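With TSV, C-alpha atoms inside, this is final-v8.tsv:
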```
chain	number	residue	atom	x	y	z
A	1	PHE	CA	4.22	28.28	40.32
A	2	SER	CA	1.11	29.60	38.59
A	3	ARG	CA	3.16	31.49	36.00
A	4	GLN	CA	5.05	28.34	35.15
A	5	PHE	CA	1.78	26.73	34.06
A	6	THR	CA	0.26	29.72	32.24
A	7	MET	CA	-1.07	28.61	28.86
A	8	PRO	CA	1.09	29.98	26.03
A	9	VAL	CA	-1.88	30.93	23.83
A	10	GLU	CA	-5.29	31.84	25.26
A	11	VAL	CA	-7.93	31.99	22.53
A	12	GLU	CA	-10.12	35.06	22.80
A	13	TRP	CA	-13.71	33.86	23.02
A	14	GLU	CA	-14.93	36.99	21.20
A	15	ARG	CA	-12.97	35.96	18.09
A	16	LEU	CA	-14.34	32.42	17.92
A	17	SER	CA	-16.99	31.66	15.28
A	18	VAL	CA	-19.16	29.15	17.14
A	19	ARG	CA	-21.13	28.15	14.03
A	20	ARG	CA	-17.99	27.48	12.00
A	21	PHE	CA	-16.43	25.52	14.84
A	22	PHE	CA	-19.57	23.42	15.43
A	23	ALA	CA	-20.11	22.53	11.75
A	24	THR	CA	-16.47	21.70	11.04
A	25	MET	CA	-15.84	19.80	14.26
A	26	THR	CA	-19.02	17.72	13.91
A	27	THR	CA	-18.20	16.67	10.35
A	28	LEU	CA	-14.61	15.72	11.09
A	29	SER	CA	-15.59	14.01	14.36
A	30	ILE	CA	-17.93	11.65	12.49
A	31	VAL	CA	-15.07	10.67	10.18
A	32	GLU	CA	-12.73	10.12	13.15
A	33	THR	CA	-15.39	8.06	14.94
A	34	GLY	CA	-15.77	5.78	11.94
A	35	ILE	CA	-12.06	5.00	11.99
A	36	THR	CA	-11.82	4.30	15.74
A	37	HIS	CA	-15.21	2.63	16.26
A	38	PRO	CA	-13.93	-1.00	16.08
A	39	LEU	CA	-11.59	-0.25	18.99
A	40	TRP	CA	-14.50	1.15	21.03
A	41	VAL	CA	-16.52	-2.00	20.25
A	42	MET	CA	-13.74	-4.25	21.52
A	43	LYS	CA	-13.23	-2.13	24.63
A	44	ILE	CA	-16.92	-2.47	25.60
A	45	ARG	CA	-17.00	-6.19	24.86
A	46	GLN	CA	-13.93	-6.84	26.99
A	47	GLN	CA	-15.07	-4.62	29.85
A	48	THR	CA	-18.49	-6.28	30.06
A	49	HIS	CA	-16.94	-9.76	29.88
A	50	ARG	CA	-17.07	-11.44	33.31
A	51	GLY	CA	-14.20	-13.55	34.58
A	52	THR	CA	-10.42	-13.40	34.82
A	53	ALA	CA	-9.91	-13.94	31.09
A	54	GLY	CA	-9.38	-10.83	29.00
A	55	GLY	CA	-12.45	-11.37	26.85
A	56	PRO	CA	-12.92	-11.65	23.08
A	57	THR	CA	-10.28	-10.40	20.65
A	58	MET	CA	-10.91	-8.36	17.52
A	59	SER	CA	-9.82	-11.19	15.23
A	60	ALA	CA	-12.11	-13.66	17.02
A	61	VAL	CA	-15.12	-11.35	16.72
A	62	ALA	CA	-14.43	-10.64	13.05
A	63	LYS	CA	-14.04	-14.35	12.30
A	64	ALA	CA	-17.15	-15.45	14.19
A	65	GLU	CA	-19.50	-12.56	13.34
A	66	GLY	CA	-17.95	-10.85	10.33
A	67	ILE	CA	-16.28	-7.47	9.87
A	68	ARG	CA	-19.63	-5.70	10.22
A	69	ALA	CA	-19.71	-6.72	13.88
A	70	LEU	CA	-16.86	-4.29	14.52
A	71	PHE	CA	-19.04	-1.40	13.32
A	72	ARG	CA	-22.23	-2.23	15.22
A	73	GLY	CA	-23.58	0.77	17.05
A	74	PHE	CA	-21.83	3.24	14.74
A	75	SER	CA	-25.07	5.19	14.24
A	76	CYS	CA	-25.22	5.90	17.98
A	77	ALA	CA	-21.56	6.88	17.99
A	78	ALA	CA	-22.08	9.21	15.02
A	79	LEU	CA	-24.98	10.94	16.78
A	80	ILE	CA	-22.61	11.70	19.65
A	81	SER	CA	-20.44	13.86	17.35
A	82	PRO	CA	-22.62	17.01	17.62
A	83	ILE	CA	-22.54	16.54	21.40
A	84	VAL	CA	-18.75	16.40	21.25
A	85	SER	CA	-18.68	19.69	19.33
A	86	SER	CA	-20.98	21.30	21.90
A	87	TYR	CA	-18.74	19.95	24.65
A	88	PHE	CA	-15.67	21.62	23.14
A	89	ILE	CA	-17.50	24.92	22.71
A	90	THR	CA	-18.67	24.82	26.34
A	91	TYR	CA	-15.17	23.91	27.49
A	92	GLN	CA	-13.59	26.75	25.54
A	93	TRP	CA	-16.05	29.36	26.86
A	94	THR	CA	-15.80	28.15	30.46
A	95	LYS	CA	-11.99	27.98	30.36
A	96	HIS	CA	-11.85	31.49	28.91
A	97	THR	CA	-14.19	32.80	31.63
A	98	ALA	CA	-12.56	30.87	34.49
A	99	CYS	CA	-9.04	31.97	33.61
A	100	ARG	CA	-10.21	35.59	33.69
A	101	LEU	CA	-12.16	35.35	36.94
A	102	LEU	CA	-9.84	33.11	38.99
A	103	PRO	CA	-6.96	34.68	40.93
A	104	SER	CA	-3.65	34.34	39.11
A	105	SER	CA	-2.35	32.00	41.82
A	106	VAL	CA	-4.94	29.34	40.91
A	107	SER	CA	-5.66	30.19	37.27
A	108	TYR	CA	-4.10	26.87	36.23
A	109	LEU	CA	-7.25	25.19	37.62
A	110	GLY	CA	-9.36	26.85	34.91
A	111	PRO	CA	-9.15	23.89	32.46
A	112	SER	CA	-10.18	21.40	35.17
A	113	LEU	CA	-13.20	23.48	36.18
A	114	ALA	CA	-14.10	23.96	32.53
A	115	ALA	CA	-13.89	20.21	31.91
A	116	VAL	CA	-16.29	19.42	34.77
A	117	PHE	CA	-18.78	22.08	33.62
A	118	ALA	CA	-18.61	20.90	30.00
A	119	VAL	CA	-19.24	17.30	31.08
A	120	VAL	CA	-22.27	18.29	33.17
A	121	CYS	CA	-23.73	20.32	30.28
A	122	SER	CA	-23.27	17.61	27.64
A	123	VAL	CA	-23.91	14.43	29.62
A	124	MET	CA	-27.73	14.37	29.44
A	125	PRO	CA	-27.99	13.81	25.65
A	126	TYR	CA	-24.87	11.64	25.67
A	127	ILE	CA	-25.93	8.98	28.20
A	128	PRO	CA	-28.90	7.48	26.23
A	129	LEU	CA	-26.77	7.08	23.10
A	130	ASP	CA	-23.94	5.56	25.13
A	131	ILE	CA	-26.26	3.06	26.85
A	132	VAL	CA	-27.96	1.99	23.61
A	133	GLY	CA	-24.54	1.58	22.00
A	134	GLN	CA	-23.36	-0.61	24.86
A	135	ARG	CA	-26.50	-2.78	24.78
A	136	ILE	CA	-25.96	-3.36	21.07
A	137	GLN	CA	-22.61	-4.93	21.95
A	138	VAL	CA	-24.08	-7.03	24.79
A	139	ASN	CA	-26.78	-8.30	22.41
A	140	GLU	CA	-24.03	-9.08	19.89
A	141	GLY	CA	-25.97	-7.55	17.03
A	142	LYS	CA	-29.16	-9.56	17.54
A	143	LYS	CA	-31.10	-6.28	17.59
A	144	THR	CA	-30.52	-2.90	15.97
A	145	GLY	CA	-30.08	0.29	17.94
A	146	ARG	CA	-33.62	1.38	17.04
A	147	GLN	CA	-35.09	-1.94	18.20
A	148	ILE	CA	-33.19	-1.78	21.48
A	149	ALA	CA	-34.25	1.82	22.10
A	150	LEU	CA	-37.93	1.00	21.44
A	151	GLN	CA	-37.73	-2.06	23.71
A	152	MET	CA	-36.17	0.02	26.47
A	153	TRP	CA	-38.92	2.64	26.12
A	154	ARG	CA	-41.78	0.10	26.16
A	155	GLU	CA	-40.50	-2.27	28.82
A	156	GLU	CA	-38.37	-0.12	31.11
A	157	GLY	CA	-39.51	3.44	30.53
A	158	LEU	CA	-37.65	6.71	30.17
A	159	LEU	CA	-35.38	6.17	33.16
A	160	SER	CA	-33.79	3.14	31.48
A	161	PHE	CA	-32.00	5.55	29.16
A	162	TYR	CA	-30.25	7.00	32.20
A	163	THR	CA	-29.28	3.77	33.94
A	164	SER	CA	-26.43	4.48	36.37
A	165	ALA	CA	-26.19	8.04	35.06
A	166	HIS	CA	-24.23	8.94	38.17
A	167	ALA	CA	-21.53	6.47	37.11
A	168	THR	CA	-21.23	8.08	33.68
A	169	ILE	CA	-20.95	11.55	35.23
A	170	VAL	CA	-18.32	10.42	37.75
A	171	VAL	CA	-16.23	8.60	35.13
A	172	ALA	CA	-16.45	11.39	32.55
A	173	ALA	CA	-15.76	14.15	35.07
A	174	ALA	CA	-12.75	12.31	36.50
A	175	ASP	CA	-11.33	11.38	33.09
A	176	HIS	CA	-11.78	14.82	31.54
A	177	THR	CA	-10.57	16.70	34.62
A	178	VAL	CA	-7.33	14.72	34.69
A	179	PHE	CA	-6.87	14.93	30.93
A	180	TRP	CA	-7.42	18.66	30.45
A	181	PHE	CA	-5.37	19.62	33.50
A	182	LEU	CA	-2.42	17.53	32.32
A	183	TYR	CA	-2.78	18.52	28.67
A	184	GLU	CA	-2.96	22.27	29.18
A	185	GLN	CA	0.02	22.21	31.53
A	186	LEU	CA	2.14	19.86	29.41
A	187	LYS	CA	1.30	21.82	26.27
A	188	ALA	CA	2.38	25.03	27.99
A	189	ILE	CA	5.70	23.53	29.06
A	190	VAL	CA	6.50	21.81	25.74
A	191	LEU	CA	5.51	24.72	23.49
A	192	GLY	CA	7.16	27.20	25.82
A	193	LYS	CA	10.50	25.37	25.63
A	194	TYR	CA	10.19	24.90	21.87
A	195	ARG	CA	9.47	28.58	21.25
A	196	LYS	CA	12.27	29.63	23.56
A	197	ALA	CA	14.73	27.33	21.79
A	198	THR	CA	13.71	28.60	18.33
A	199	ASP	CA	13.30	32.29	19.17
A	200	GLY	CA	9.52	32.27	18.88
A	201	GLY	CA	9.06	29.21	16.69
A	202	LEU	CA	9.99	28.11	13.18
A	203	PRO	CA	8.41	30.04	10.28
A	204	GLY	CA	5.65	28.93	7.92
A	205	TRP	CA	4.35	25.41	7.50
A	206	THR	CA	7.35	23.89	9.26
A	207	GLY	CA	6.52	25.76	12.45
A	208	TRP	CA	2.84	24.78	12.15
A	209	ALA	CA	3.75	21.12	11.68
A	210	VAL	CA	6.15	21.07	14.64
A	211	GLU	CA	3.69	22.81	16.99
A	212	SER	CA	0.84	20.54	15.87
A	213	LEU	CA	2.99	17.46	16.49
A	214	LEU	CA	3.95	18.72	19.96
A	215	GLN	CA	0.30	19.43	20.82
A	216	CYS	CA	-0.91	16.04	19.59
A	217	SER	CA	1.91	14.14	21.28
A	218	SER	CA	1.18	15.93	24.56
A	219	GLY	CA	-2.51	15.13	24.19
A	220	THR	CA	-1.81	11.46	23.47
A	221	ALA	CA	0.41	11.05	26.53
A	222	CYS	CA	-2.17	12.76	28.75
A	223	GLY	CA	-5.05	10.78	27.24
A	224	ILE	CA	-3.38	7.44	27.94
A	225	THR	CA	-2.50	8.56	31.48
A	226	ALA	CA	-6.07	9.66	32.21
A	227	GLY	CA	-7.38	6.42	30.72
A	228	LEU	CA	-5.16	4.30	32.95
A	229	ILE	CA	-6.23	6.19	36.05
A	230	THR	CA	-9.96	5.99	35.35
A	231	ASN	CA	-10.21	2.53	33.71
A	232	PRO	CA	-11.49	0.71	36.84
A	233	LEU	CA	-14.33	3.25	37.07
A	234	GLU	CA	-15.11	2.76	33.39
A	235	VAL	CA	-15.27	-1.03	33.76
A	236	VAL	CA	-17.76	-0.67	36.62
A	237	LYS	CA	-19.79	1.88	34.65
A	238	ALA	CA	-20.05	-0.39	31.61
A	239	ARG	CA	-21.20	-3.31	33.76
A	240	LEU	CA	-23.71	-1.24	35.72
A	241	GLN	CA	-25.32	-0.07	32.49
A	242	THR	CA	-25.50	-3.52	30.87
A	243	GLN	CA	-25.91	-5.95	33.80
A	244	ALA	CA	-29.70	-6.08	33.45
A	245	HIS	CA	-29.18	-7.91	30.16
A	246	VAL	CA	-26.35	-10.18	31.30
A	247	LYS	CA	-27.64	-13.54	32.61
A	248	ASP	CA	-24.56	-14.63	34.57
A	249	GLY	CA	-22.38	-12.73	36.99
A	250	ILE	CA	-22.90	-10.91	40.29
A	251	LYS	CA	-24.85	-7.67	40.03
A	252	TYR	CA	-23.32	-4.40	41.20
A	253	THR	CA	-25.35	-2.02	43.37
A	254	GLY	CA	-23.22	1.06	42.81
A	255	ILE	CA	-19.78	2.39	41.95
A	256	MET	CA	-18.06	1.57	45.25
A	257	ASN	CA	-19.73	-1.85	45.45
A	258	GLY	CA	-18.69	-2.52	41.86
A	259	LEU	CA	-15.07	-1.55	42.51
A	260	ALA	CA	-14.97	-3.76	45.62
A	261	GLN	CA	-16.47	-6.78	43.83
A	262	LEU	CA	-14.31	-6.23	40.77
A	263	TRP	CA	-11.17	-6.29	42.91
A	264	ALA	CA	-12.32	-9.25	45.01
A	265	LYS	CA	-13.40	-11.43	42.07
A	266	GLU	CA	-10.98	-10.46	39.31
A	267	GLY	CA	-8.14	-8.54	40.97
A	268	THR	CA	-5.78	-6.38	38.95
A	269	ALA	CA	-6.88	-8.07	35.73
A	270	GLY	CA	-10.41	-6.78	36.35
A	271	PHE	CA	-9.18	-3.22	36.83
A	272	LEU	CA	-7.33	-3.47	33.52
A	273	LYS	CA	-10.17	-5.02	31.49
A	274	GLY	CA	-10.31	-3.52	28.01
A	275	MET	CA	-7.02	-1.66	28.42
A	276	LYS	CA	-5.37	-3.01	25.26
A	277	PRO	CA	-7.99	-1.70	22.83
A	278	LYS	CA	-8.46	1.35	25.05
A	279	VAL	CA	-4.78	2.31	24.87
A	280	VAL	CA	-4.75	1.87	21.08
A	281	HIS	CA	-8.00	3.83	20.87
A	282	ARG	CA	-6.57	6.58	23.06
A	283	MET	CA	-3.31	6.73	21.11
A	284	TYR	CA	-5.05	7.31	17.81
A	285	GLY	CA	-8.25	8.89	19.10
A	286	THR	CA	-6.63	11.48	21.37
A	287	PHE	CA	-3.96	12.32	18.79
A	288	SER	CA	-6.61	12.90	16.12
A	289	ILE	CA	-9.17	14.67	18.32
A	290	ILE	CA	-6.56	17.08	19.71
A	291	PHE	CA	-5.36	17.76	16.17
A	292	LEU	CA	-8.94	18.44	15.09
A	293	TYR	CA	-9.66	20.56	18.17
A	294	GLU	CA	-6.58	22.75	17.82
A	295	GLN	CA	-6.85	23.16	14.04
A	296	VAL	CA	-10.62	23.73	13.94
A	297	LEU	CA	-10.14	26.25	16.75
A	298	ARG	CA	-7.56	28.08	14.62
A	299	PHE	CA	-9.79	27.84	11.53
A	300	SER	CA	-12.80	29.20	13.44
A	301	LEU	CA	-11.13	32.37	14.68
A	302	LEU	CA	-12.44	35.60	13.19
A	303	GLY	CA	-10.28	38.57	12.27
A	304	PRO	CA	-6.48	38.72	11.83
A	305	GLN	CA	-4.68	35.59	12.93
A	306	SER	CA	-1.34	33.98	12.32
A	307	GLN	CA	-1.38	31.46	9.50
A	308	PRO	CA	1.39	29.35	8.02
A	309	GLN	CA	2.97	30.99	5.01
```
As C-alpha cells:
Amino acid sequence: FSRQFTMPVEVEWERLSVRRFFATMTTLSIVETGITHPLWVMKIRQQTHRGTAGGPTMSAVAKAEGIRALFRGFSCAALISPIVSSYFITYQWTKHTACRLLPSSVSYLGPSLAAVFAVVCSVMPYIPLDIVGQRIQVNEGKKTGRQIALQMWREEGLLSFYTSAHATIVVAAADHTVFWFLYEQLKAIVLGKYRKATDGGLPGWTGWAVESLLQCSSGTACGITAGLITNPLEVVKARLQTQAHVKDGIKYTGIMNGLAQLWAKEGTAGFLKGMKPKVVHRMYGTFSIIFLYEQVLRFSLLGPQSQPQ
C-alpha cells in the first residue's frame, strides 16, 4: 500500500535554493493574487451574509459600489504573498524530513504532517492580515485597511488581531492536510501511469507541458474537494472574526456552537455559503498556485537537473 503512494519525484532539500524560491514565488504570487482577489472578496461577503439567501453577487457589488470594490483589501492580500512563500518552503523542508524519518509503511503521511507544521509556522503573521482584510469587506470600503488596523489597535488592543485564531488554525490545518494528502497521492498515481504508458515520459517541451497539465489538474481537483469538505468551518471562521462589527444576527461563541447554529438557522444553504465564488477561485487559484509551486521549485534547484529541450 505505501509503495503504491510513493511520490514519483522527491526533491532533494540540499539542492533547493531557498532565496531563489522565496523571491520568485513571492513575486508571482502577488500577480496571481491580483487576478483572483475579486473572487476572494465575493466569497467573504457571501459567507458573512446572514440569512438563507446566498448573499450579494459580483455584478450587484460592481454596479452598486464600482469595480474598485472588488479589489478592496488587495494590499492585505499582497502582504500575505511572502507568508505563502515561507509556507511552501517550510512545507517542502518538513515533507523532505518526514519522508526520510517515517517508516516506509506510513511515509505517505509525510505531506499531511508537513502541511500541519507549515500552517502552524505561518499562521501567526497571516491571521492579522486576514482579519483586517475581512473587516474591510464587512465595512464595505467605508474605511481603509490602515484605518481599520489603527482602530483595532486603539479600541480593542493587540488581541483583536488574533480574534478566533483557533478557528483559523483549525480551518487551515484541516484544509491543507486534506489537500496535500490528496494531491501528493493523486499526482503520484497520475504521473506514474503517464510515465509508464510513455516509457518514462515524452521528450522536451511536450513532456514538460503534459506533466505540468497533469500536476495542475490533479491540484485543482484536490483543491475543490478540500474546499467542499472544509467550507462549513470556513463560514463559521469568517463570521467569528467579523461578528463584532455586524449589528444583526446571532453571535457565535465558538466553532462547534457556530456549526450548530449555522445548521439550525440556515441548513445546508448555510454550509454552502460562498461556494460558487470559492469553487471558481479554487479552480483558477489552485491550478495557478500548483503550476507556480512546481515550476518555481524546478527553477530553484541547484546543480544538474532535467530541463525541457
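Every residue within 10 Å of the file position (-15.0, 13.4, 13.2), judged by all atoms listed in the file, is given as Thr24, Met25, Thr26, Thr27, Leu28, Ser29, Ile30, Val31, Glu32, Thr33, Gly34, Ile35, Thr36, Ala78, Ser81, Pro82, Val84, Ser85, Ser288, Ile289 and Leu292 of chain A.
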Can you work out the spacing between CA of Ile89 (chain A) and CA of Ser107 (chain A) in Å, to one decimal? 19.5 Å
CA of Gly110 (chain A) to CA of Leu182 (chain A): how many Å, to one decimal? 11.9 Å
Atom-to-atom span, CA of Gly274 (chain A) and CA of Gly133 (chain A), Å: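 We find that CA of Gly274 (chain A) and CA of Gly133 (chain A) lie 16.3 Å from each other.
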Given only C-alpha atoms as the counted atoms, nearest of A:Thr220, A:Ser300, A:Gln151, A:Gln46 to His281 (chain A): A:Thr220
Taking (-34.1, 0.3, 20.9) in the file's own coordinates, collect the residues within 12 Å, counting only C-alpha atoms, and hand them back as a VMD selection string. chain A and resid 73 76 128 to 129 131 to 136 139 141 to 158 160 to 161
Go ahead and fit an axis-aligned box to every listed atom of region 252-260 of chain A plus 8 Å each side, and pass me the centre and edge lengths in Å, one decimal, as lines of an AutoDock Vina configuration file.
```
center_x = -20.2
center_y = -1.0
center_z = 43.4
size_x = 26.4
size_y = 22.8
size_z = 20.4
```
Quick one: everything within 8 Å of Thr48 (chain A), counting all atoms listed in the file, minus sequence neighbours fewer than 5 positions away in the same chain. Send it as a list in words. Val138, Val235, Ala238, Arg239 and Thr242 of chain A
Pick from A:Thr230, A:Thr268, A:Gln261, A:Ser212 nearest to Phe287 (chain A), counting only C-alpha atoms: A:Ser212
Restricting the calculation to all atoms listed in the file, which member of A:Cys222, A:Cys216, A:Ala98, A:Ala69 is positioned closest to Glu294 (chain A)?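 Selected residue with least distance to Glu294 (chain A): A:Cys216.
Here the question is which of A:Leu113, A:Met42, A:Phe71, A:Ile189 gets nearest to Met58 (chain A) using only C-alpha atoms, and that residue is A:Met42.
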